[in-house]
>>> print(open('data.tsv').read())   # TSV, C-alpha atoms
chain	number	residue	atom	x	y	z
A	1280	MET	CA	131.38	116.99	177.64
A	1281	LYS	CA	130.60	120.56	178.67
A	1282	LEU	CA	130.87	123.06	175.81
A	1283	LEU	CA	130.53	126.82	175.98
A	1284	CYS	CA	129.44	128.53	172.75
A	1285	ALA	CA	130.03	132.24	172.21
A	1286	GLY	CA	128.57	134.24	169.36
A	1287	GLY	CA	125.41	135.38	167.67
A	1288	GLY	CA	124.46	138.09	165.25
A	1289	SER	CA	123.33	136.76	161.88
A	1290	GLY	CA	122.06	133.29	161.11
A	1291	GLY	CA	125.24	132.73	159.09
A	1292	HIS	CA	127.16	132.58	162.38
A	1293	VAL	CA	124.58	130.66	164.40
A	1294	TYR	CA	123.50	127.94	161.97
A	1295	PRO	CA	126.99	126.43	161.41
A	1296	ALA	CA	127.56	126.19	165.15
A	1297	LEU	CA	124.21	124.41	165.53
A	1298	ALA	CA	125.22	122.03	162.72
A	1299	ILE	CA	128.44	121.22	164.59
A	1300	LEU	CA	126.52	120.66	167.82
A	1301	GLU	CA	124.25	118.16	166.03
A	1302	ARG	CA	127.29	116.06	165.05
A	1303	LEU	CA	129.01	116.58	168.39
A	1304	GLU	CA	125.98	115.32	170.26
A	1305	ALA	CA	125.99	112.16	168.12
A	1306	LEU	CA	129.71	111.75	168.72
A	1307	CYS	CA	129.23	112.05	172.47
A	1308	ALA	CA	126.41	109.51	172.36
A	1309	ASP	CA	128.73	107.03	170.62
A	1310	ARG	CA	131.15	107.48	173.52
A	1311	ALA	CA	128.44	107.08	176.16
A	1312	GLU	CA	128.81	110.75	177.08
A	1313	ARG	CA	126.30	113.56	177.32
A	1314	LEU	CA	126.84	116.91	175.62
A	1315	ASP	CA	126.00	119.83	177.92
A	1316	THR	CA	125.97	123.13	176.01
A	1317	PHE	CA	125.68	126.68	177.28
A	1318	TRP	CA	125.55	129.70	174.92
A	1319	LEU	CA	126.71	133.26	175.60
A	1320	GLY	CA	125.74	135.89	173.03
A	1321	GLY	CA	124.42	139.37	172.46
A	1322	THR	CA	120.96	140.72	173.07
A	1323	GLY	CA	119.77	140.19	169.47
A	1324	ASP	CA	116.50	138.32	169.17
A	1325	LEU	CA	117.51	136.13	166.20
A	1326	ALA	CA	120.41	134.30	167.86
A	1327	ARG	CA	118.44	133.87	171.07
A	1328	GLN	CA	115.49	132.48	169.12
A	1329	LEU	CA	117.57	130.04	167.07
A	1330	VAL	CA	119.58	128.80	170.03
A	1331	ALA	CA	116.55	128.44	172.30
A	1332	GLY	CA	114.75	126.62	169.47
A	1333	ALA	CA	117.57	124.06	169.52
A	1334	GLY	CA	116.99	123.49	173.24
A	1335	ILE	CA	120.21	125.20	174.36
A	1336	ARG	CA	120.48	127.54	177.36
A	1337	TYR	CA	121.23	131.11	176.25
A	1338	ARG	CA	122.43	134.10	178.26
A	1339	ALA	CA	122.97	137.57	176.85
A	1340	VAL	CA	126.00	139.66	177.82
A	1341	ALA	CA	127.01	143.20	176.89
A	1342	THR	CA	128.99	143.70	173.69
A	1343	GLY	CA	129.47	146.25	170.93
A	1344	PRO	CA	130.88	146.64	167.39
A	1345	LEU	CA	134.29	148.22	166.82
A	1346	ARG	CA	134.31	148.67	163.05
A	1347	ASP	CA	133.35	151.88	161.21
A	1348	ARG	CA	132.57	153.88	164.34
A	1349	GLY	CA	133.81	157.22	165.62
A	1350	PRO	CA	136.28	157.46	168.53
A	1351	GLY	CA	133.59	158.13	171.13
A	1352	GLN	CA	131.42	155.23	170.00
A	1353	ARG	CA	134.45	152.97	169.80
A	1354	ILE	CA	135.38	153.74	173.41
A	1355	LEU	CA	131.79	153.01	174.45
A	1356	SER	CA	131.89	149.70	172.55
A	1357	LEU	CA	135.16	148.75	174.23
A	1358	ALA	CA	133.62	149.52	177.61
A	1359	ARG	CA	130.65	147.30	176.76
A	1360	VAL	CA	132.97	144.48	175.68
A	1361	CYS	CA	134.84	144.78	179.01
A	1362	LEU	CA	131.56	144.70	180.93
A	1363	GLY	CA	130.36	141.73	178.87
A	1364	THR	CA	133.62	139.89	179.55
A	1365	LEU	CA	133.15	140.31	183.29
A	1366	GLN	CA	129.58	139.06	182.97
A	1367	ALA	CA	130.79	136.13	180.87
A	1368	CYS	CA	133.47	135.24	183.44
A	1369	LEU	CA	130.78	134.72	186.07
A	1370	HIS	CA	128.83	132.41	183.74
A	1371	VAL	CA	131.98	130.47	182.81
A	1372	LEU	CA	132.97	130.01	186.45
A	1373	ARG	CA	129.54	128.57	187.20
A	1374	PHE	CA	129.37	126.35	184.11
A	1375	LYS	CA	133.01	125.09	184.12
A	1376	PRO	CA	133.20	124.11	180.43
A	1377	ASP	CA	135.81	121.80	178.93
A	1378	ALA	CA	136.15	123.99	175.82
A	1379	CYS	CA	134.72	127.10	174.17
A	1380	LEU	CA	133.50	127.34	170.57
A	1381	ALA	CA	133.36	130.97	169.36
A	1382	THR	CA	131.66	131.81	166.06
A	1383	GLY	CA	133.33	135.15	165.28
A	1384	GLY	CA	131.70	138.58	165.23
A	1385	ASN	CA	131.43	141.06	168.06
A	1386	ALA	CA	128.85	138.95	169.93
A	1387	ALA	CA	131.49	136.23	170.40
A	1388	ALA	CA	134.15	138.45	171.99
A	1389	PRO	CA	133.01	138.54	175.67
A	1390	GLY	CA	132.45	134.80	176.00
A	1391	ALA	CA	135.63	133.92	174.09
A	1392	LEU	CA	137.75	136.34	176.14
A	1393	ALA	CA	136.28	135.05	179.40
A	1394	ALA	CA	137.11	131.49	178.41
A	1395	ARG	CA	140.67	132.44	177.51
A	1396	ILE	CA	141.16	134.41	180.75
A	1397	LEU	CA	139.98	131.43	182.79
A	1398	GLY	CA	142.17	128.93	180.95
A	1399	ILE	CA	139.42	127.25	178.89
A	1400	PRO	CA	140.67	126.04	175.47
A	1401	LEU	CA	139.25	128.26	172.71
A	1402	ILE	CA	138.20	127.02	169.26
A	1403	LEU	CA	137.25	129.71	166.75
A	1404	LEU	CA	134.81	128.96	163.94
A	1405	LEU	CA	135.33	131.35	161.01
A	1406	PRO	CA	132.32	130.98	158.67
A	1407	ASP	CA	133.34	133.74	156.22
A	1408	SER	CA	136.09	133.42	153.63
A	1409	ALA	CA	137.91	136.40	155.18
A	1410	PRO	CA	138.24	137.20	158.90
A	1411	GLY	CA	136.80	140.37	160.36
A	1412	ILE	CA	138.45	142.46	163.05
A	1413	THR	CA	137.08	140.37	165.94
A	1414	ALA	CA	137.95	137.06	164.28
A	1415	ARG	CA	141.52	138.21	163.55
A	1416	TRP	CA	141.87	139.18	167.19
A	1417	LEU	CA	140.37	136.01	168.63
A	1418	GLY	CA	142.25	133.83	166.15
A	1419	ARG	CA	145.51	134.74	167.87
A	1420	LEU	CA	144.11	133.44	171.15
A	1421	ALA	CA	142.51	130.27	169.80
A	1422	ARG	CA	144.01	126.81	169.99
A	1423	THR	CA	142.34	125.93	166.67
A	1424	VAL	CA	140.66	128.08	164.00
A	1425	LEU	CA	138.09	126.15	161.96
A	1426	VAL	CA	138.06	127.80	158.51
A	1427	THR	CA	135.79	127.52	155.50
A	1428	THR	CA	138.14	128.35	152.62
A	1429	THR	CA	141.83	128.07	151.78
A	1430	SER	CA	142.09	131.88	151.67
A	1431	ALA	CA	140.89	132.03	155.29
A	1432	ALA	CA	143.41	129.33	156.27
A	1433	GLU	CA	146.23	131.54	154.98
A	1434	CYS	CA	145.26	134.17	157.57
A	1435	PHE	CA	145.95	131.69	160.39
A	1436	PRO	CA	148.92	129.63	159.12
A	1437	HIS	CA	149.84	128.12	162.51
A	1438	ASN	CA	146.52	127.04	164.00
A	1439	SER	CA	143.91	126.72	161.22
A	1440	LEU	CA	142.00	123.59	160.23
A	1441	LEU	CA	140.26	123.64	156.84
A	1442	CYS	CA	136.90	121.95	157.36
A	1443	GLY	CA	134.45	123.93	155.18
A	1444	TYR	CA	131.18	125.55	156.22
A	1445	PRO	CA	129.18	123.23	158.50
A	1446	VAL	CA	125.75	122.58	157.02
A	1447	ARG	CA	122.65	121.58	158.93
A	1448	GLY	CA	121.62	117.96	158.69
A	1449	ASP	CA	118.14	118.90	157.46
A	1450	LEU	CA	119.62	120.43	154.28
A	1451	LEU	CA	121.61	117.28	153.58
A	1452	ALA	CA	118.45	115.25	154.20
A	1453	ALA	CA	116.49	117.48	151.81
A	1454	MET	CA	119.15	116.94	149.13
A	1455	ASN	CA	118.71	113.16	149.38
A	1456	ASN	CA	115.46	113.59	147.44
A	1457	PRO	CA	115.24	117.04	145.75
A	1458	ALA	CA	112.05	116.09	143.90
A	1459	ALA	CA	110.27	115.28	147.16
A	1460	SER	CA	111.64	118.48	148.70
A	1461	ARG	CA	110.20	120.46	145.80
A	1462	ARG	CA	106.78	118.84	146.13
A	1463	SER	CA	106.73	119.45	149.89
A	1464	LEU	CA	107.88	123.06	149.54
A	1465	LEU	CA	105.38	123.95	146.80
A	1466	ALA	CA	102.57	122.44	148.84
A	1467	ALA	CA	103.63	124.40	151.95
A	1468	MET	CA	103.83	127.64	149.92
A	1469	ASP	CA	100.46	127.04	148.17
A	1470	MET	CA	102.19	127.07	144.78
A	1471	PRO	CA	101.27	124.89	141.78
A	1472	ALA	CA	103.00	121.51	141.88
A	1473	ASP	CA	101.94	120.62	138.32
A	1474	ALA	CA	104.35	122.94	136.48
A	1475	PRO	CA	106.78	120.53	134.77
A	1476	GLY	CA	109.84	122.18	133.28
A	1477	GLU	CA	109.11	125.52	134.94
A	1478	PRO	CA	112.09	126.62	137.08
A	1479	LEU	CA	111.73	127.71	140.69
A	1480	LEU	CA	113.36	131.01	141.62
A	1481	VAL	CA	114.02	131.50	145.34
A	1482	VAL	CA	114.90	135.00	146.57
A	1483	MET	CA	116.24	135.25	150.13
A	1484	GLY	CA	117.88	138.37	151.53
A	1485	GLY	CA	119.28	136.74	154.64
A	1486	SER	CA	117.80	136.39	158.10
A	1487	GLN	CA	116.85	140.08	158.23
A	1488	GLY	CA	115.77	140.52	154.61
A	1489	ALA	CA	117.15	142.98	152.06
A	1490	ARG	CA	115.18	145.98	150.83
A	1491	SER	CA	117.19	146.43	147.63
A	1492	LEU	CA	116.61	142.79	146.61
A	1493	ASN	CA	112.91	143.04	147.39
A	1494	GLN	CA	112.55	146.22	145.37
A	1495	ALA	CA	114.50	144.82	142.43
A	1496	ILE	CA	112.35	141.68	142.30
A	1497	LEU	CA	109.15	143.72	142.57
A	1498	HIS	CA	110.28	145.96	139.70
A	1499	HIS	CA	110.72	142.97	137.38
A	1500	LEU	CA	108.16	140.64	138.93
A	1501	PRO	CA	105.72	140.27	135.96
A	1502	ALA	CA	108.60	139.37	133.62
A	1503	LEU	CA	110.04	136.88	136.14
A	1504	LEU	CA	106.67	135.21	136.65
A	1505	GLN	CA	106.46	134.65	132.89
A	1506	GLU	CA	109.59	132.49	133.20
A	1507	ALA	CA	109.43	130.84	136.63
A	1508	LEU	CA	107.71	130.13	139.90
A	1509	VAL	CA	108.93	132.75	142.41
A	1510	LEU	CA	109.34	132.35	146.16
A	1511	LEU	CA	110.19	135.76	147.65
A	1512	VAL	CA	111.40	135.74	151.27
A	1513	THR	CA	111.24	139.37	152.32
A	1514	GLY	CA	112.40	139.52	155.94
A	1515	HIS	CA	109.93	140.41	158.71
A	1516	ALA	CA	110.48	144.18	158.50
A	1517	GLU	CA	109.73	144.30	154.76
A	1518	PHE	CA	106.92	141.78	154.51
A	1519	ASP	CA	103.90	144.07	154.88
A	1520	ALA	CA	105.24	146.63	152.39
A	1521	VAL	CA	106.11	143.97	149.81
A	1522	ALA	CA	102.78	142.19	150.20
A	1523	GLU	CA	100.95	145.49	149.70
A	1524	ALA	CA	103.07	146.31	146.62
A	1525	VAL	CA	102.18	142.93	145.12
A	1526	ARG	CA	98.50	143.52	145.83
A	1527	ARG	CA	98.62	146.91	144.09
A	1528	MET	CA	100.18	145.36	140.97
A	1529	GLY	CA	96.94	143.57	140.19
A	1530	LEU	CA	98.69	140.55	138.71
A	1531	ALA	CA	96.64	138.23	136.54
A	1532	SER	CA	95.47	135.16	138.44
A	1533	GLU	CA	97.69	132.77	136.51
A	1534	LEU	CA	100.74	134.84	137.43
A	1535	ARG	CA	99.69	135.50	141.04
A	1536	GLY	CA	99.33	131.77	141.56
A	1537	LYS	CA	103.00	131.30	140.67
A	1538	LEU	CA	104.16	133.66	143.43
A	1539	ALA	CA	104.64	133.06	147.15
A	1540	VAL	CA	105.71	135.86	149.50
A	1541	ARG	CA	106.90	134.91	152.98
A	1542	PRO	CA	108.60	136.97	155.73
A	1543	TYR	CA	111.08	134.27	156.76
A	1544	LEU	CA	111.86	130.59	156.27
A	1545	ASP	CA	113.21	128.43	159.05
A	1546	ARG	CA	112.27	124.78	158.77
A	1547	GLU	CA	111.35	125.24	155.10
A	1548	ALA	CA	114.70	126.86	154.17
A	1549	PRO	CA	116.51	123.56	153.49
A	1550	GLN	CA	113.67	122.43	151.23
A	1551	ALA	CA	113.75	125.77	149.42
A	1552	LEU	CA	117.47	125.46	148.66
A	1553	ALA	CA	117.13	121.82	147.63
A	1554	ALA	CA	114.18	122.64	145.35
A	1555	ALA	CA	115.45	125.90	143.84
A	1556	ASP	CA	116.68	126.00	140.24
A	1557	VAL	CA	118.11	129.48	140.78
A	1558	ALA	CA	118.60	131.56	143.93
A	1559	VAL	CA	119.03	135.31	144.39
A	1560	MET	CA	120.73	135.99	147.71
A	1561	ARG	CA	123.03	138.11	149.77
A	1562	ALA	CA	126.51	136.65	150.21
A	1563	GLY	CA	126.58	135.93	153.93
A	1564	ALA	CA	128.79	133.15	155.23
A	1565	SER	CA	126.08	130.50	154.81
A	1566	ILE	CA	126.32	130.57	151.01
A	1567	LEU	CA	129.78	128.99	151.22
A	1568	GLY	CA	128.26	125.78	152.57
A	1569	GLU	CA	124.58	125.75	151.72
A	1570	LEU	CA	124.78	126.59	148.00
A	1571	PRO	CA	127.49	123.99	147.29
A	1572	ALA	CA	125.59	121.40	149.35
A	1573	SER	CA	122.35	122.12	147.47
A	1574	ARG	CA	124.07	122.60	144.06
A	1575	THR	CA	122.03	125.77	143.52
A	1576	PRO	CA	123.14	128.25	140.82
A	1577	ALA	CA	122.84	131.76	142.18
A	1578	VAL	CA	122.91	135.47	141.52
A	1579	LEU	CA	124.63	136.99	144.55
A	1580	VAL	CA	124.28	140.60	145.69
A	1581	PRO	CA	126.85	141.23	148.45
A	1582	LEU	CA	125.91	143.62	151.22
A	1583	PRO	CA	128.05	146.71	150.63
A	1584	ILE	CA	128.97	146.99	154.32
A	1585	ALA	CA	129.86	144.23	156.86
A	1586	GLY	CA	133.57	144.88	156.33
A	1587	GLY	CA	133.59	143.54	152.79
A	1588	HIS	CA	133.18	139.93	154.00
A	1589	GLN	CA	130.29	139.28	151.64
A	1590	TRP	CA	132.33	140.28	148.60
A	1591	SER	CA	135.01	137.79	149.61
A	1592	ASN	CA	132.38	135.08	150.02
A	1593	ALA	CA	130.79	135.83	146.64
A	1594	ARG	CA	134.11	135.85	144.81
A	1595	ALA	CA	134.98	132.42	146.22
A	1596	LEU	CA	131.97	130.99	144.36
A	1597	GLU	CA	132.26	133.25	141.33
A	1598	GLN	CA	135.83	132.14	140.66
A	1599	ALA	CA	134.57	128.57	140.38
A	1600	GLY	CA	131.95	129.60	137.81
A	1601	ALA	CA	129.17	128.63	140.23
A	1602	CYS	CA	127.40	131.98	140.53
A	1603	LEU	CA	126.94	135.45	139.09
A	1604	VAL	CA	127.64	138.56	141.16
A	1605	THR	CA	126.29	142.10	140.94
A	1606	GLU	CA	126.51	145.21	143.11
A	1607	ASP	CA	123.75	146.28	145.44
A	1608	ALA	CA	123.61	149.78	143.92
A	1609	THR	CA	122.89	148.45	140.43
A	1610	VAL	CA	120.93	145.28	141.18
A	1611	ARG	CA	117.60	146.61	139.88
A	1612	ASP	CA	119.08	147.46	136.49
A	1613	GLN	CA	121.33	144.38	136.23
A	1614	LEU	CA	118.90	141.76	137.51
A	1615	PRO	CA	117.01	141.01	134.26
A	1616	THR	CA	120.27	140.86	132.27
A	1617	LEU	CA	121.67	138.27	134.66
A	1618	LEU	CA	118.59	136.38	135.77
A	1619	LEU	CA	116.29	136.00	132.76
A	1620	PRO	CA	118.88	134.24	130.52
A	1621	LEU	CA	119.70	131.89	133.40
A	1622	LEU	CA	116.05	131.00	133.97
A	1623	ARG	CA	115.67	130.24	130.25
A	1624	ASP	CA	118.81	128.09	129.89
A	1625	ALA	CA	118.58	124.74	131.68
A	1626	ASP	CA	121.95	123.57	130.30
A	1627	ARG	CA	123.70	126.60	131.76
A	1628	ARG	CA	122.10	125.97	135.14
A	1629	THR	CA	123.28	122.36	135.01
A	1630	THR	CA	126.85	123.48	134.32
A	1631	MET	CA	126.78	125.99	137.18
A	1632	ALA	CA	125.31	123.38	139.53
A	1633	ALA	CA	128.14	120.97	138.68
A	1634	ARG	CA	130.71	123.68	139.41
A	1635	MET	CA	128.96	124.50	142.66
A	1636	ALA	CA	129.16	120.82	143.64
A	1637	THR	CA	132.98	120.89	143.33
A	1638	LEU	CA	133.04	123.27	146.31
A	1639	ASP	CA	130.93	121.04	148.55
A	1640	ARG	CA	132.40	119.90	151.87
A	1641	SER	CA	129.43	118.07	153.34
A	1642	ASN	CA	131.61	116.50	156.04
A	1643	ALA	CA	132.52	119.93	157.49
A	1644	ALA	CA	130.41	119.52	160.61
A	1645	GLU	CA	131.89	116.08	161.35
A	1646	THR	CA	135.45	117.43	160.93
A	1647	ALA	CA	134.75	120.37	163.23
A	1648	ALA	CA	133.02	118.18	165.83
A	1649	ALA	CA	135.97	115.78	165.92
A	1650	ALA	CA	138.39	118.69	166.42
A	1651	ILE	CA	136.32	120.08	169.31
A	1652	ALA	CA	136.03	116.64	170.92
A	1653	SER	CA	139.79	116.22	170.73
A	1654	VAL	CA	140.46	119.60	172.36
A	1655	SER	CA	137.84	118.94	175.03
A	1656	MET	CA	139.24	115.51	175.88
A	1657	HIS	CA	142.75	116.93	176.29
A	1658	SER	CA	141.27	119.58	178.59
A	1659	VAL	CA	139.50	116.94	180.69
A	1660	CYS	CA	142.65	114.85	181.03
A	1661	ALA	CA	144.77	117.91	181.88
A	1662	ASN	CA	142.35	118.82	184.67
A	1663	GLY	CA	142.55	115.35	186.17
A	1664	ARG	CA	138.94	114.36	185.48
A	1665	PRO	CA	138.37	110.70	184.57
A	1666	GLU	CA	137.93	109.68	180.94
A	1667	PRO	CA	134.64	108.10	179.87
A	1668	GLU	CA	134.48	104.36	180.39
A	1669	THR	CA	134.29	103.77	176.63
A	1670	ASN	CA	137.65	105.52	176.12
A	1671	ARG	CA	139.56	103.48	178.67
A	1672	PRO	CA	141.48	100.41	177.48
A	1673	LYS	CA	139.54	97.26	178.14
A	1674	PRO	CA	141.21	94.63	180.37
A	1675	GLN	CA	142.55	91.68	178.46
A	1676	LEU	CA	141.30	88.25	179.38
A	1677	PRO	CA	144.02	85.75	180.31
>>> encode(input="data.tsv", output="structure tokens")
Amino acid sequence: MKLLCAGGGSGGHVYPALAILERLEALCADRAERLDTFWLGGTGDLARQLVAGAGIRYRAVATGPLRDRGPGQRILSLARVCLGTLQACLHVLRFKPDACLATGGNAAAPGALAARILGIPLILLLPDSAPGITARWLGRLARTVLVTTTSAAECFPHNSLLCGYPVRGDLLAAMNNPAASRRSLLAAMDMPADAPGEPLLVVMGGSQGARSLNQAILHHLPALLQEALVLLVTGHAEFDAVAEAVRRMGLASELRGKLAVRPYLDREAPQALAAADVAVMRAGASILGELPASRTPAVLVPLPIAGGHQWSNARALEQAGACLVTEDATVRDQLPTLLLPLLRDADRRTTMAARMATLDRSNAAETAAAAIASVSMHSVCANGRPEPETNRPKPQLP
């Protein structure tokens, strides 16, 4: 099977596609096939790094955002999308994929449009609970739209498939033994492992960090360390400033030992979610799958831009009683009111974790992979290419 992937931007768009590819590769192996994947995305370093780390070929094409920009900038973005589509057409003609999986966002547009122009079946993965402008546009062209929530399915009544947010296999593996994940994480972060009954607070502002979250945590850090172990993931751009601010605080040694500050978590992120008693996070698309899978109660602080998608994501969990939500502008003032009572009340955390678990769709990646395989097989048959030997009917013995 030859699959073109189109997309990029934040980790919330890349990680679910990688989770699907994990399951799709296993599905192909069961059918004695090989999965050959080629990725077209933007020039951002994060997507390129994540995709290359998964051993997938990546090529960057021109693209540009269309939302919240003036007329001149919008025309320039449209020109870049047109250029990127021409570039993508050349890659598609060389690669000759059976299907295209697009992950939404402006980085997906050139590759998805090229596939559609050249007659390649398009599958759109919508990680967020509400579609953005590019996803709404591409959804009209897609054969199937893989959606995370019922509210997203209502936006594409004729071609949506509700599968949930595909979660990486390493998070599911970490959840098989949360106690071992906690021990491994604390050892990796140089934090005390002998703190029975003390909750672990994990603060992650997304793949690029979040200054307002970092500043809010720093403002209340001594009080938080009185109640919990704290793992603060700052983002690369903020790390030096946060580390210096912690140094200037002059925390007592017993409190400083309960704190770990890291710029970014990749391989350790699943362990952090599995081990966390409470998380403070942005509300990117990944929370819709990863928090339910890890059963982690959370305080969510949606990014005030990004087309309002993060508010939609946060409300989907808030309505189930699985999280608390506060605005970015008031997070520093509201954080102790929301967070300290939660850290002190284990029964409340247990209730929220149970409600988070009701939203879990751990089979999302398998559902999505099966849908892609079905579309790809129809494409292969329509183009007159032979089916794999394992899919042909076996001759009956006389």
>>> atom_distance(input="data.tsv", atom1="CA of Ala1564 (chain A)", atom2="CA of Gly1287 (chain A)")
13.1 Å
>>> residues_around(input="data.tsv", residues="Thr1413 (chain A)", least_positions_apart="3", cutoff="10 Å", atoms="only C-alpha atoms", output="CSV table (one decimal) with C-alpha atoms, in the frame of the given file")
chain,number,residue,atom,x,y,z
A,1344,PRO,CA,130.9,146.6,167.4
A,1345,LEU,CA,134.3,148.2,166.8
A,1346,ARG,CA,134.3,148.7,163.0
A,1383,GLY,CA,133.3,135.2,165.3
A,1384,GLY,CA,131.7,138.6,165.2
A,1385,ASN,CA,131.4,141.1,168.1
A,1386,ALA,CA,128.8,139.0,169.9
A,1387,ALA,CA,131.5,136.2,170.4
A,1388,ALA,CA,134.2,138.4,172.0
A,1410,PRO,CA,138.2,137.2,158.9
A,1416,TRP,CA,141.9,139.2,167.2
A,1417,LEU,CA,140.4,136.0,168.6
A,1418,GLY,CA,142.2,133.8,166.2
>>> residues_around(input="data.tsv", residues="Leu1404 (chain A)", least_positions_apart="2", cutoff="6 Å", atoms="only C-alpha atoms", output="list in words")
Ala1381, Thr1382, Val1424 and Leu1425 of chain A
>>> write_last_selection(input="data.tsv", atoms="C-alpha atoms", output="CSV table (one decimal), in the coordinates of the input")
chain,number,residue,atom,x,y,z
A,1381,ALA,CA,133.4,131.0,169.4
A,1382,THR,CA,131.7,131.8,166.1
A,1424,VAL,CA,140.7,128.1,164.0
A,1425,LEU,CA,138.1,126.2,162.0
>>> closest_residue(input="data.tsv", among="A:Arg1353, A:Thr1629, A:Gly1411, A:Val1525", to="Ile1584 (chain A)", atoms="all atoms listed in the file")
A:Gly1411
>>> closest_residue(input="data.tsv", among="A:Leu1544, A:Leu1497, A:Cys1284, A:Ala1650", to="Glu1523 (chain A)", atoms="all atoms listed in the file")
A:Leu1497
>>> atom_distance(input="data.tsv", atom1="CA of Thr1316 (chain A)", atom2="CA of Leu1282 (chain A)")
4.9 Å
>>> atom_distance(input="data.tsv", atom1="CA of Gly1291 (chain A)", atom2="CA of Met1656 (chain A)")
27.8 Å
>>> closest_residue(input="data.tsv", among="A:Glu1312, A:Gly1484, A:Arg1546, A:Gln1352", to="Leu1329 (chain A)", atoms="all atoms listed in the file")
A:Arg1546
>>> closest_residue(input="data.tsv", among="A:Ser1573, A:Ala1647, A:Leu1306, A:Ser1653", to="Ser1439 (chain A)", atoms="all atoms listed in the file")
A:Ala1647
>>> residues_around(input="data.tsv", residues="Thr1637 (chain A)", least_positions_apart="5", cutoff="9 Å", atoms="only C-alpha atoms", output="list in words")
Pro1571, Ala1599 and Ala1632 of chain A
>>> closest_atom_pairs(input="data.tsv", of="region 1567-1669 of chain A", to="region 1397-1403 of chain A", cutoff="9 Å", atoms="all atoms listed in the file", output="tab-separated table")
residue	atom	partner	partner_atom	distance
A:Ala1650	CA	A:Ile1402	CA	8.8
A:Ile1651	CA	A:Ile1402	CA	7.2
A:Val1654	CA	A:Pro1400	CA	7.2
A:Ser1655	CA	A:Pro1400	CA	7.7
A:Ser1658	CA	A:Pro1400	CA	7.2
>>> residues_around(input="data.tsv", residues="His1437 (chain A)", least_positions_apart="2", cutoff="10 Å", atoms="all atoms listed in the file", output="compact mmCIF listing (two decimals) with C-alpha atoms, in the frame of the given file")
# COMPACT_ATOMS: atom_id res chain seq x y z
CA ARG A 1419 145.51 134.74 167.87
CA ARG A 1422 144.01 126.81 169.99
CA THR A 1423 142.34 125.93 166.67
CA VAL A 1424 140.66 128.08 164.00
CA ALA A 1432 143.41 129.33 156.27
CA GLU A 1433 146.23 131.54 154.98
CA CYS A 1434 145.26 134.17 157.57
CA PHE A 1435 145.95 131.69 160.39
CA SER A 1439 143.91 126.72 161.22
CA LEU A 1440 142.00 123.59 160.23
>>> residues_around(input="data.tsv", residues="Ser1460 (chain A)", least_positions_apart="3", cutoff="12 Å", atoms="only C-alpha atoms", output="list of chain:residue names")
A:Asp1449, A:Leu1450, A:Leu1451, A:Ala1452, A:Ala1453, A:Met1454, A:Asn1455, A:Asn1456, A:Pro1457, A:Ser1463, A:Leu1464, A:Leu1465, A:Ala1466, A:Ala1467, A:Ala1472, A:Arg1546, A:Glu1547, A:Ala1548, A:Pro1549, A:Gln1550, A:Ala1551, A:Leu1552, A:Ala1553, A:Ala1554, A:Ala1555, A:Ser1573
>>> closest_residue(input="data.tsv", among="A:Ser1565, A:Val1512, A:Gly1363, A:Ala1522", to="Val1293 (chain A)", atoms="all atoms listed in the file")
A:Ser1565
>>> closest_residue(input="data.tsv", among="A:Cys1442, A:Val1578, A:Asn1592, A:Leu1357", to="Leu1622 (chain A)", atoms="all atoms listed in the file")
A:Val1578
